[in-house]
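Visitor: Structure file final35.txt, compact mmCIF, C-alpha atoms and all ligand atoms, is pasted below:
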```txt
# COMPACT_ATOMS: atom_id res chain seq x y z
CA MET A 1 104.95 115.52 88.21
CA PRO A 2 102.13 113.59 86.49
CA PRO A 3 98.85 115.46 85.98
CA ARG A 4 96.06 114.78 88.48
CA LEU A 5 92.63 113.93 87.23
CA SER A 6 91.18 116.60 89.49
CA ASP A 7 92.96 119.21 87.40
CA THR A 8 90.18 118.68 84.90
CA THR A 9 87.27 118.06 87.28
CA PRO A 10 85.11 120.73 88.91
CA GLN A 11 86.84 122.59 91.70
CA ARG A 12 86.74 120.91 95.11
CA LEU A 13 84.64 118.00 93.85
CA SER A 14 86.98 115.52 95.45
CA THR A 15 87.77 117.44 98.62
CA LEU A 16 84.30 117.79 100.14
CA PRO A 17 83.25 115.27 102.82
CA LEU A 18 81.26 112.26 101.60
CA ARG A 19 81.62 113.26 97.98
CA ALA A 20 83.82 110.36 96.86
CA PRO A 21 82.29 107.11 95.65
CA VAL A 22 82.56 104.34 98.22
CA ASN A 23 83.23 101.89 95.43
CA VAL A 24 84.70 102.28 91.95
CA THR A 25 84.45 99.52 89.35
CA TRP A 26 87.35 99.58 86.89
CA GLU A 27 87.62 97.42 83.80
CA ILE A 28 91.37 97.22 83.92
CA THR A 29 91.86 95.18 80.75
CA GLU A 30 89.91 94.07 77.74
CA ALA A 31 91.91 90.84 77.41
CA CYS A 32 90.17 87.59 78.26
CA ASN A 33 90.73 83.89 77.68
CA LEU A 34 86.98 83.12 77.57
CA ASP A 35 84.25 84.20 75.20
CA CYS A 36 81.07 84.28 77.30
CA ALA A 37 77.74 84.85 75.59
CA HIS A 38 76.81 87.69 77.96
CA CYS A 39 80.19 89.45 78.01
CA LEU A 40 79.91 93.22 78.45
CA SER A 41 83.49 93.87 77.34
CA ALA A 42 83.39 91.79 74.14
CA GLU A 43 82.72 94.91 72.12
CA LEU A 44 85.70 96.74 73.67
CA ARG A 45 87.88 93.75 72.90
CA ALA A 46 86.72 93.63 69.30
CA GLU A 47 87.42 97.33 68.82
CA GLN A 48 90.76 97.24 70.68
CA ARG A 49 90.18 100.63 72.26
CA GLY A 50 93.29 100.34 74.37
CA GLU A 51 94.02 100.54 78.09
CA LEU A 52 95.71 102.90 80.53
CA ASP A 53 99.39 102.08 80.94
CA LEU A 54 100.90 101.35 84.35
CA GLU A 55 101.90 104.93 85.04
CA GLN A 56 98.43 106.20 84.12
CA CYS A 57 96.90 103.56 86.41
CA ARG A 58 99.12 104.79 89.26
CA VAL A 59 98.03 108.39 88.65
CA LEU A 60 94.39 107.34 88.74
CA LEU A 61 94.90 105.32 91.93
CA ASP A 62 96.68 108.25 93.57
CA GLU A 63 93.66 110.35 92.76
CA LEU A 64 91.17 107.77 94.02
CA ALA A 65 93.15 107.46 97.25
CA ARG A 66 93.21 111.23 97.64
CA MET A 67 89.44 111.25 97.20
CA GLN A 68 89.26 108.55 99.92
CA VAL A 69 87.55 106.00 97.72
CA PHE A 70 87.16 102.98 99.96
CA GLN A 71 87.25 100.13 97.44
CA VAL A 72 88.16 99.53 93.80
CA ASN A 73 86.63 96.54 92.04
CA PHE A 74 88.88 95.40 89.23
CA GLY A 75 87.19 93.56 86.38
CA GLY A 76 87.69 93.26 82.70
CA GLY A 77 88.32 91.21 80.68
CA GLU A 78 90.23 88.89 82.94
CA PRO A 79 92.38 91.14 85.17
CA PHE A 80 95.03 88.50 85.85
CA LEU A 81 95.86 88.31 82.15
CA ARG A 82 97.23 91.83 82.27
CA PRO A 83 101.00 91.38 82.84
CA ASP A 84 101.33 94.35 85.21
CA PHE A 85 98.09 93.73 87.10
CA LEU A 86 99.78 92.61 90.34
CA ASP A 87 101.85 95.81 90.28
CA ILE A 88 98.62 97.80 89.98
CA LEU A 89 96.99 95.81 92.79
CA ARG A 90 100.03 96.19 95.05
CA TYR A 91 100.09 99.92 94.40
CA ALA A 92 96.39 100.26 95.29
CA HIS A 93 96.90 98.41 98.57
CA ARG A 94 99.92 100.45 99.54
CA LEU A 95 97.69 103.49 99.16
CA GLY A 96 95.26 101.87 101.62
CA ILE A 97 92.59 101.05 99.02
CA THR A 98 90.66 97.83 99.57
CA THR A 99 90.18 95.91 96.32
CA CYS A 100 88.05 93.19 94.86
CA VAL A 101 89.15 91.33 91.75
CA SER A 102 86.47 89.78 89.55
CA THR A 103 88.07 86.79 87.91
CA ASN A 104 86.71 83.98 85.80
CA GLY A 105 88.76 81.63 87.99
CA THR A 106 90.40 79.72 85.15
CA VAL A 107 93.82 81.35 85.45
CA LEU A 108 94.29 80.86 89.19
CA ASP A 109 97.30 78.78 90.15
CA ASP A 110 99.44 78.29 93.28
CA ALA A 111 101.95 80.98 92.34
CA LEU A 112 99.27 83.56 91.64
CA ILE A 113 97.39 82.85 94.88
CA ASP A 114 100.67 83.11 96.83
CA GLU A 115 101.26 86.50 95.19
CA LEU A 116 97.78 87.64 96.21
CA LEU A 117 98.34 86.52 99.79
CA ALA A 118 101.59 88.49 99.76
CA VAL A 119 99.77 91.62 98.52
CA GLY A 120 97.28 91.22 101.38
CA ALA A 121 100.04 90.61 103.95
CA ASP A 122 101.91 93.69 102.73
CA ALA A 123 98.92 95.94 103.46
CA PRO A 124 96.75 94.13 106.05
CA ALA A 125 94.48 97.14 106.64
CA ALA A 126 93.17 96.91 103.06
CA PRO A 127 92.14 93.33 102.31
CA VAL A 128 92.15 91.75 98.84
CA TYR A 129 88.79 90.25 97.91
CA LEU A 130 88.31 87.84 95.04
CA GLN A 131 85.04 87.21 93.27
CA VAL A 132 84.92 84.15 91.05
CA SER A 133 82.18 84.07 88.40
CA LEU A 134 80.15 80.93 87.82
CA ASP A 135 76.85 80.97 85.90
CA GLY A 136 74.67 78.31 87.38
CA ALA A 137 75.15 75.43 89.74
CA LYS A 138 75.71 72.73 87.13
CA PRO A 139 77.93 72.39 84.04
CA GLU A 140 75.02 72.57 81.59
CA THR A 141 73.91 76.05 82.63
CA ASN A 142 77.39 77.49 83.14
CA ASP A 143 78.99 76.04 80.01
CA ALA A 144 76.12 77.18 77.79
CA ILE A 145 77.11 80.75 78.72
CA ARG A 146 80.83 80.57 79.51
CA GLY A 147 81.98 77.89 77.10
CA ALA A 148 82.45 74.11 77.04
CA GLY A 149 84.44 72.74 79.96
CA THR A 150 84.56 76.01 81.91
CA PHE A 151 82.46 74.76 84.84
CA GLY A 152 85.17 72.25 85.77
CA ARG A 153 87.97 74.78 85.27
CA ILE A 154 86.24 77.39 87.43
CA LEU A 155 85.55 74.88 90.21
CA ALA A 156 89.20 73.81 90.06
CA GLY A 157 90.15 77.47 90.66
CA ILE A 158 87.75 77.68 93.60
CA GLU A 159 89.16 74.46 95.08
CA LEU A 160 92.67 75.82 94.76
CA LEU A 161 91.63 78.93 96.67
CA LEU A 162 90.11 76.73 99.36
CA LYS A 163 93.40 74.81 99.63
CA ILE A 164 95.65 77.84 99.92
CA VAL A 165 93.65 80.66 101.51
CA PRO A 166 93.14 80.21 105.28
CA ALA A 167 89.52 79.24 106.08
CA ASP A 168 89.24 82.26 108.40
CA ASN A 169 89.47 84.50 105.31
CA ILE A 170 86.73 82.88 103.23
CA LEU A 171 83.04 83.85 103.14
CA PHE A 172 80.62 81.77 101.11
CA GLY A 173 78.03 83.62 99.05
CA SER A 174 75.67 82.64 96.28
CA GLU A 175 73.63 85.05 94.20
CA MET A 176 70.00 84.19 93.55
CA VAL A 177 69.13 83.72 89.89
CA GLY A 178 66.42 86.26 88.95
CA ALA A 179 63.93 87.50 91.51
CA VAL A 180 62.73 84.24 93.03
CA ARG A 181 64.32 81.00 94.15
CA SER A 182 63.24 77.96 92.20
CA ILE A 183 64.22 74.35 91.88
CA ASP A 184 65.79 72.83 88.81
CA PRO A 185 63.38 70.03 87.80
CA GLU A 186 66.27 68.00 86.37
CA THR A 187 68.38 67.89 89.53
CA GLY A 188 65.89 68.69 92.30
CA GLN A 189 68.39 71.32 93.54
CA TYR A 190 67.89 75.06 93.78
CA PHE A 191 69.32 76.78 90.70
CA ASP A 192 71.66 78.85 92.89
CA ASP A 193 72.77 76.02 95.17
CA THR A 194 76.54 76.03 94.78
CA LYS A 195 77.05 75.23 98.47
CA ARG A 196 76.80 71.52 97.70
CA TYR A 197 80.10 71.70 95.78
CA ILE A 198 81.90 73.04 98.82
CA ASP A 199 80.09 70.50 101.01
CA GLN A 200 81.50 67.62 99.04
CA ILE A 201 85.14 68.76 99.16
CA ARG A 202 86.86 66.34 101.49
CA PHE A 203 90.06 68.26 102.23
CA VAL A 204 88.09 71.07 103.95
CA SER A 205 87.31 70.00 107.52
CA ASP A 206 83.79 70.28 108.95
CA ALA A 207 85.03 72.95 111.35
CA ASP A 208 86.41 75.02 108.45
CA LYS A 209 83.20 74.56 106.48
CA ARG A 210 81.26 75.96 109.44
CA LYS A 211 83.52 79.02 109.38
CA ILE A 212 83.17 79.46 105.60
CA PHE A 213 79.38 79.07 105.52
CA GLU A 214 78.48 80.91 108.70
CA GLY A 215 81.05 81.61 111.40
CA ASN A 216 83.10 84.14 109.42
CA ALA A 217 79.98 85.99 108.27
CA ARG A 218 78.85 86.30 111.89
CA LYS A 219 82.22 87.81 112.76
CA VAL A 220 82.34 90.24 109.84
CA TYR A 221 78.69 91.30 110.05
CA SER A 222 78.35 91.59 113.80
CA ARG A 223 74.70 92.72 113.67
CA LEU A 224 73.78 89.30 112.28
CA LYS A 225 74.16 87.90 115.79
CA ALA A 226 71.12 89.84 116.93
CA LYS A 227 69.06 88.83 113.90
CA LEU A 228 69.89 85.15 113.56
CA PRO A 229 69.50 82.30 116.02
CA ALA A 230 72.73 81.01 117.57
CA SER A 231 74.53 78.43 115.44
CA LYS A 232 74.34 74.79 116.47
S1 LIG A 301 85.14 85.88 81.67
FE1 LIG A 301 84.23 87.91 81.89
S2 LIG A 301 85.40 89.23 80.55
FE2 LIG A 301 85.87 87.12 79.95
S3 LIG A 301 84.46 86.69 78.28
FE3 LIG A 301 83.48 86.00 80.17
S4 LIG A 301 82.24 87.73 80.87
FE4 LIG A 301 83.70 88.50 79.35
```
Write the structure described by the file as structure tokens, please.
Ligand code: SF4

Guide:
Amino acid sequence: MPPRLSDTTPQRLSTLPLRAPVNVTWEITEACNLDCAHCLSAELRAEQRGELDLEQCRVLLDELARMQVFQVNFGGGEPFLRPDFLDILRYAHRLGITTCVSTNGTVLDDALIDELLAVGADAPAAPVYLQVSLDGAKPETNDAIRGAGTFGRILAGIELLLKIVPADNILFGSEMVGAVRSIDPETGQYFDDTKRYIDQIRFVSDADKRKIFEGNARKVYSRLKAKLPASK
């Protein structure tokens, strides 16, 4: 029987109520196909410190599930470049762990998205979330950080998700740059306004856009109904 991590942690640490982290962030691989200026794992990659193998990942997930960790956020590196990553993801979901995968969006294709939908369908009580990273709402800002041509490749990944994932399962979110909202003097748009890219996609119907921008959030966060005016 493989060793459990708790064999080396203080007694009962993981068995007391409310002692487990709600969320664990796990850099599952150091591999990446991009070379972003702000990359936190570039140093790991350069030093090739190594990764847990599949069996070790399963042992760790068993332990996290036993501790009742609610969600594991997988990042990296680019998680989907790890050949056994879908096995790891599937294993987490079968244990009832909700996951979120932080991807740079450039490696998404139809087959991969179908696999992700299958993982979600296999364990519907623990949804798969995807977070796609984009730095800025125009190619100039994103590509200066993530590399030439990446803005278009990332948007192509997002469009593919919009084509394949049912609109009922998509929530739109955009993170504010810095502490205040401000307008880009070159475009007249807010720096964090990525909504306009979804707005201009023709294959998403207006009804589905309403779900993505607002309707689904109202369903998921039911207390919003009391705080926000009714939608038009
Ligand atoms: S996509 Fe993420 S992991 Fe890859 S280089 Fe950029 S910041 Fe680093």

Visitor: What residues have any atom no more than 6 Å from ligand LIG 301 (chain A) when counting all atoms listed in the file, and can you list them as JSON, numbers by chain?

Guide: {"A": [32, 34, 35, 36, 39, 41, 76, 77, 78, 104]}

Visitor: What's the 9 Å shell around Arg146 in chain A, counting only C-alpha atoms, without same-chain residues fewer than 3 positions away, as an MDAnalysis selection string?

Guide: chainID A and resid 34:38 134:135 141:143 149:151

Visitor: Which is closest to Phe70 in chain A among A:Arg49, A:Val107, A:Ile88, A:Pro21, if we use all atoms listed in the file?

Guide: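 Residue with the minimum atom-to-atom distance to Phe70 in chain A: A:Pro21.
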
Visitor: Name the closest residue to Asn169 in chain A among the candidates A:Tyr91, A:Tyr129, A:Phe85, A:Phe74; distances are taken between atoms, counting all atoms listed in the file.

Guide: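 Between A:Tyr91, A:Tyr129, A:Phe85, A:Phe74, the residue approaching Asn169 in chain A most closely is A:Tyr129.
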
Visitor: Measuring atom to atom with only C-alpha atoms, identify which of A:Glu63, A:Glu140, A:Glu30, A:Asp193 is nearest to Leu81 in chain A.

Guide: A:Glu30

Visitor: Neighbours of Gly96 in chain A within 9 Å (all atoms listed in the file; same-chain residues fewer than 3 positions away dropped), as an mmCIF file with C-alpha atoms, in the coordinates of the input?

Guide:
```
data_model
loop_
_atom_site.group_PDB
_atom_site.id
_atom_site.type_symbol
_atom_site.label_atom_id
_atom_site.label_comp_id
_atom_site.auth_asym_id
_atom_site.auth_seq_id
_atom_site.Cartn_x
_atom_site.Cartn_y
_atom_site.Cartn_z
ATOM 1 C CA ALA A 65 93.150 107.460 97.250
ATOM 2 C CA PHE A 70 87.160 102.980 99.960
ATOM 3 C CA TYR A 91 100.090 99.920 94.400
ATOM 4 C CA ALA A 92 96.390 100.260 95.290
ATOM 5 C CA HIS A 93 96.900 98.410 98.570
ATOM 6 C CA ALA A 123 98.920 95.940 103.460
ATOM 7 C CA ALA A 125 94.480 97.140 106.640
ATOM 8 C CA ALA A 126 93.170 96.910 103.060
#
```

Visitor: Go ahead and compute the interatomic distance for CA of Ala167 in chain A and CA of Asn23 in chain A, in Å to one decimal.

Guide: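 The value is 25.8 Å.
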